[in-house]
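Peer 1: Once you've had a glance at the structure underneath, I'll fire off some questions.
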Amino acid sequence: MREWNLTSGDPLQLTLAADARLCDPDYSNDHIWQLDLSGGEPCALGLRTTYGLRARLMRIFPRFIISGKIINDPADFASPPIVRYFAPNFLEVDFSPVPGAAICLEYWAAGSNVVAGRISLSNRAVTPLEIGLELVGQLLPIAGQPMSPAQRQSVSVLEGRAENLTPVLYLTGGPQPGPGPYPALLVPLELPPGNTRQISWALASLSDPQASFDLARRTVARPFDAERARIELLTQSQTIDIHTGDQDWDATFAFSQKTAFSLFLGQSEHLPNSSFVLVRQPDLGYSRQGDGSDHQHFWNGQSPFESYYLSSLIPGAPELTCGLIKNFLAVQDQDGTIDAKPGLAKQRARFLAAPYLVSLAWNCYQRNPDRNFLQQIYPGLHQFFWAWFSPQRDHDHNGLPEWQHVSQTGFEDNPLFDGWHAWAQGIEITTVQSPALSAALYREASLLIKMAELVGRTSDQVLLRKQSAILQKGIEACWDAENVFYHYADRDTHLSLPGKILSERQAAPELDLQKEFKQPTRLILRIHGQGEALKRPRVSITGTFQGQEQSESFDRHDFHFSAAGAVATSKKVYDSVGHFEFNGLSRRDRITIQTVDLTVADHTLLLPLWAGIPDERAAHDLIYRTILDAERFDPPYGIPALPRVFVQDADPVCLSVHLPWNQLIAEGLLQYGYRKEAARLLAHLMSAIIPNLKRSHAFYRTYHAETGAGQGEQGSLHGLAPVGLFLQVLGVEILSAKEVRLHGENPFPWPVTVKYRGLTISRLLTHSEVIFANGQSIQINHPADTLVSLDPLP
């Protein structure tokens, strides 16, 4: 077990929650805790939650009474709190309130409704130590009552109420109510020199106070050392221990894995294997419906894009990734469709899953090469792939489908499709051909061809190769050699035209524009206004296409509504437009008519590199003239969503660094042999993540490309440090504790050691060394790809 030495100024992420690998979390009533090494009122080392916003605060913290002095503020401690060990459901912190008194606090989330701990007090002085230990239970309810002393079966406890919960705090050692200003349980102790005393506690929060008391007492009675040993064994068996020589990097990768494992919430009757949530923080976890069906989008299902990124964060537990794939296949319909976001409470997104499932399955197979697994999943994945080419997803029947919903894209804030912000275009996504979708489908087809060979379905390869060629041709048609970038194209015209405003004016019943276009174009109608009148807009357009007059009408179902108004995209394209009629609008409303702008560049358009589409020359140009161009996609803290900010209000979106997208692009760099460039990108990402972990003790959903500041939700899956990418860049592919594949040379300027289940891999600057658990050592002195295996016993 690795022992850490982390203080409040180091990278930290100290969320505590029930571990689905060791218990069954309650999906509808999950209590999530956060440990603060300092802060709060009063300032203390405290463990806190809000019970999913059922309380303003529930906090547990210790106070020490020594020689008549009360000590709870870590600033007054003789030595500050130091984090020694952490797991998703366990934390250990050491400190000394006064010289000679050593305190070890261990916190354990034993289940969704109970948190427990052990306080070890040691006297390292040469004189006896008299100390009063107070454990405070501070509850600030929204509806209910604060904690107060009570008697349960002749035992002094603290009880309170927060809506439908009645927390009960139980402490061993024969406690009495504390005399201080906060509800507390007090245990007076006298420790001779060299002696240690341990006190255990548990806080259970169920609806019935007696049930809470019984659960707390049962939890305290469980063998703490055995439970901790069980946690440590699991952590060692599934965590990749990384030693870079830089404690900040090491801790960040370790906390990333800890957080990733904590996002799993187990299985349900609707999903046969453990699924996950996107954020697990104290304000979340409670379903007022009681079944989880009302959880917000952070908790309402697993998507392929997020599953792909999560799987890369837990390379030591491929079985969890395999479970995610089986969950998707478990909800597959007879026509091959798989819902984009199946949830533990039977939630459905009601549109098709994004095409990353074959890539996810292939990665799982690479880490755990089981032919039987491939045999089981191949038919469903093959059928799912072809579901993307149904007529409702390929409107022009050219073999190049269109996205059906912006949530499929993995970039929901894309200004091209986002209709919420006034500065975004808000184009109807089904009218656009995206190279990112075609690239993802191309990669799925390429991997299905490999799978078909392995499972004996070679007859499938003919159609798959044919479809791959169509996709490749479509993507290459979107290549802009002059700007060295891929671009979007209109679904019907296959053109990528700049947009312009045709008219911007107050609403009126009629408008004659009489505008002609050099090339067929699509229109956007935007209505700026509020109130009841805007709820039922009706618009008609008359124009021409290829010399023929055509018209179309819009009603409220064709508009997307937001706080800024409403926006709609024309279903048809026009050579010219003439007459417009508007109904259901107020004269205070404003109307903007513009043509669609498909020249907008964003990070999703780099996905063809990941799919292996460009040839070596085009890839080189794309990397050095676009990705590594400081004026485009190479600011200090990672690849931004967009290379430029077109209005100031769009800055947080345009310059947001999305780690899952950066990982896909970096994997593309590695595929083309640009290992040092991938290492440079990874260093940029770490330079954003680490300061946020130090300053706020949190990962964030995105990071600002110019400042590195965290943006969005704390603790988000999207912002976890890319552990799997680091191993790929390092050239280490762990297949098992007995087999590892090494690629190229160590691109970092320092040696790196990776440990997993007794296996030790050292990537030095001149050579590599692999040491197996039995002591066998193998040294590799060349950069060629090498499979290193444990020699069988003679």
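In the structure tokens, chains take the letters A, B, ... in the order shown, each chain's residues start at 1, and ligands count up from 1 in the order shown.
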Quick one: everything within 8 Å of Arg393 in chain A, counting only C-alpha atoms, minus sequence neighbours fewer than 2 positions away in the same chain. Send it as a list in words.

Peer 2: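 Using only C-alpha atoms, the neighbours found are Trp388, Phe389, Ser390, Pro391, His395, Pro401, Glu402, Trp403 and Gln404 of chain A.
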
Peer 1: Go ahead and dump the residues you just picked, N, CA, C and O atoms, as a JSON list (two decimals), in the first residue's frame.

Peer 2:
[["chain", "number", "residue", "atom", "x", "y", "z"],
["A", 388, "TRP", "N", -27.38, 2.77, -37.74],
["A", 388, "TRP", "CA", -27.08, 4.17, -38.05],
["A", 388, "TRP", "C", -27.40, 4.54, -39.50],
["A", 388, "TRP", "O", -27.49, 5.73, -39.83],
["A", 389, "PHE", "N", -27.57, 3.55, -40.35],
["A", 389, "PHE", "CA", -27.76, 3.85, -41.78],
["A", 389, "PHE", "C", -29.22, 3.67, -42.21],
["A", 389, "PHE", "O", -29.50, 3.56, -43.40],
["A", 390, "SER", "N", -30.13, 3.67, -41.26],
["A", 390, "SER", "CA", -31.56, 3.60, -41.60],
["A", 390, "SER", "C", -32.00, 4.92, -42.22],
["A", 390, "SER", "O", -31.35, 5.96, -42.02],
["A", 391, "PRO", "N", -33.08, 4.94, -42.99],
["A", 391, "PRO", "CA", -33.51, 6.17, -43.68],
["A", 391, "PRO", "C", -33.75, 7.36, -42.76],
["A", 391, "PRO", "O", -33.47, 8.50, -43.16],
["A", 395, "HIS", "N", -30.94, 11.03, -44.22],
["A", 395, "HIS", "CA", -32.06, 11.61, -44.94],
["A", 395, "HIS", "C", -31.85, 11.64, -46.45],
["A", 395, "HIS", "O", -32.80, 11.51, -47.23],
["A", 401, "PRO", "N", -24.71, 9.28, -42.54],
["A", 401, "PRO", "CA", -25.81, 9.67, -41.65],
["A", 401, "PRO", "C", -25.59, 11.04, -41.01],
["A", 401, "PRO", "O", -24.48, 11.60, -41.05],
["A", 402, "GLU", "N", -26.65, 11.55, -40.40],
["A", 402, "GLU", "CA", -26.58, 12.81, -39.68],
["A", 402, "GLU", "C", -26.88, 12.55, -38.21],
["A", 402, "GLU", "O", -27.62, 11.63, -37.85],
["A", 403, "TRP", "N", -26.28, 13.39, -37.36],
["A", 403, "TRP", "CA", -26.65, 13.35, -35.95],
["A", 403, "TRP", "C", -28.15, 13.64, -35.81],
["A", 403, "TRP", "O", -28.71, 14.44, -36.57],
["A", 404, "GLN", "N", -28.77, 13.03, -34.79],
["A", 404, "GLN", "CA", -30.19, 13.28, -34.53],
["A", 404, "GLN", "C", -30.41, 14.21, -33.35],
["A", 404, "GLN", "O", -31.47, 14.82, -33.23]]

Peer 1: Taking 6 positions as the minimum chain separation for residues in the same chain, which residues sit within 6 Å of Val657 in chain A when counting only C-alpha atoms? Answer as JSON, numbers by chain.

Peer 2: {"A": [638, 639, 640, 702, 703, 704, 705]}

Peer 1: What's the separation between CA of Glu319 in chain A and CA of Asn372 in chain A, in Å to one decimal place?

Peer 2: 13.8 Å

Peer 1: If you count only C-alpha atoms, which residues fall within 8 Å of Lys326 in chain A, apart from same-chain ones fewer than 3 positions away, as a PyMOL selection string?

Peer 2: chain A and resi 272-273+322-323+329-330+377

Peer 1: From the list A:Ile734, A:Ala226, A:Cys364, A:Leu525, which residue is nearest Lys571 in chain A when using only C-alpha atoms?

Peer 2: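 Residue with the minimum atom-to-atom distance to Lys571 in chain A: A:Leu525.
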
Peer 1: For a quick check of understanding, using only C-alpha atoms, which of A:Pro691, A:Pro643, A:Pro149, A:Pro74 has the smallest distance to Thr604 in chain A?

Peer 2: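 Nearest candidate to Thr604 in chain A out of A:Pro691, A:Pro643, A:Pro149, A:Pro74: A:Pro643.
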
Peer 1: From a DSSP calculation on the backbone, collect every residue of range 537-618 of chain A in helix (DSSP H, G or I) and output the set as a PyMOL selection string.

Peer 2: chain A and resi 556-558+603-611+616-618

Peer 1: Just want the 8 Å neighbourhood of range 136-145 of chain A, counted on only C-alpha atoms, with same-chain residues fewer than 6 positions away dropped. Output as a PyMOL selection string.

Peer 2: chain A and resi 54-63+158+160-163+169+182-185

Peer 1: Which residues come within 9 Å of Asp73 in chain A, counting only C-alpha atoms, excluding same-chain residues fewer than 3 positions away, as a ChimeraX atom specification?

Peer 2: /A:38-39,42-45,63,76-77

Peer 1: With a distance cut-off of 6 Å and only C-alpha atoms, select the neighbouring residues of range 421-435 of chain A, excluding the residue or stretch itself and same-chain residues fewer than 5 positions from it, and output the selection as a PyMOL selection string.

Peer 2: chain A and resi 402-404+415-416+475+488-491+564+569

Peer 1: Dump N, CA and C atoms for the selected residues as an mmCIF file, in the first residue's frame?

Peer 2:
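What ended up in again-v2.cif:
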data_model
loop_
_atom_site.group_PDB
_atom_site.id
_atom_site.type_symbol
_atom_site.label_atom_id
_atom_site.label_comp_id
_atom_site.auth_asym_id
_atom_site.auth_seq_id
_atom_site.Cartn_x
_atom_site.Cartn_y
_atom_site.Cartn_z
ATOM 1 N N GLU A 402 -26.653 11.546 -40.404
ATOM 2 C CA GLU A 402 -26.583 12.813 -39.677
ATOM 3 C C GLU A 402 -26.880 12.550 -38.207
ATOM 4 N N TRP A 403 -26.284 13.393 -37.360
ATOM 5 C CA TRP A 403 -26.646 13.353 -35.947
ATOM 6 C C TRP A 403 -28.145 13.639 -35.813
ATOM 7 N N GLN A 404 -28.771 13.033 -34.794
ATOM 8 C CA GLN A 404 -30.185 13.283 -34.533
ATOM 9 C C GLN A 404 -30.407 14.215 -33.353
ATOM 10 N N PRO A 415 -21.670 25.823 -30.529
ATOM 11 C CA PRO A 415 -22.436 27.003 -30.970
ATOM 12 C C PRO A 415 -23.164 26.799 -32.287
ATOM 13 N N LEU A 416 -22.735 25.841 -33.071
ATOM 14 C CA LEU A 416 -23.418 25.584 -34.338
ATOM 15 C C LEU A 416 -24.826 25.047 -34.105
ATOM 16 N N ILE A 475 -15.797 11.825 -45.782
ATOM 17 C CA ILE A 475 -14.949 12.624 -44.891
ATOM 18 C C ILE A 475 -13.910 13.397 -45.695
ATOM 19 N N TYR A 488 -17.795 21.168 -41.710
ATOM 20 C CA TYR A 488 -19.156 20.672 -41.832
ATOM 21 C C TYR A 488 -19.656 20.890 -43.257
ATOM 22 N N ALA A 489 -20.699 20.146 -43.622
ATOM 23 C CA ALA A 489 -21.317 20.324 -44.939
ATOM 24 C C ALA A 489 -22.827 20.233 -44.795
ATOM 25 N N ASP A 490 -23.512 20.949 -45.668
ATOM 26 C CA ASP A 490 -24.971 20.865 -45.655
ATOM 27 C C ASP A 490 -25.406 19.475 -46.118
ATOM 28 N N ARG A 491 -26.435 18.955 -45.460
ATOM 29 C CA ARG A 491 -26.913 17.602 -45.773
ATOM 30 C C ARG A 491 -27.328 17.447 -47.230
ATOM 31 N N ALA A 564 -33.538 33.523 -24.806
ATOM 32 C CA ALA A 564 -33.268 34.593 -25.769
ATOM 33 C C ALA A 564 -34.339 34.691 -26.848
ATOM 34 N N THR A 569 -34.653 26.324 -38.341
ATOM 35 C CA THR A 569 -33.847 26.150 -39.543
ATOM 36 C C THR A 569 -34.754 25.702 -40.678
#

Peer 1: Would you give me, as a PyMOL selection string, the residues in range 695-761 of chain A that DSSP reads as strand (DSSP E or B)?

Peer 2: chain A and resi 700-704+710-714+732-736+739-742+752-756+759-761
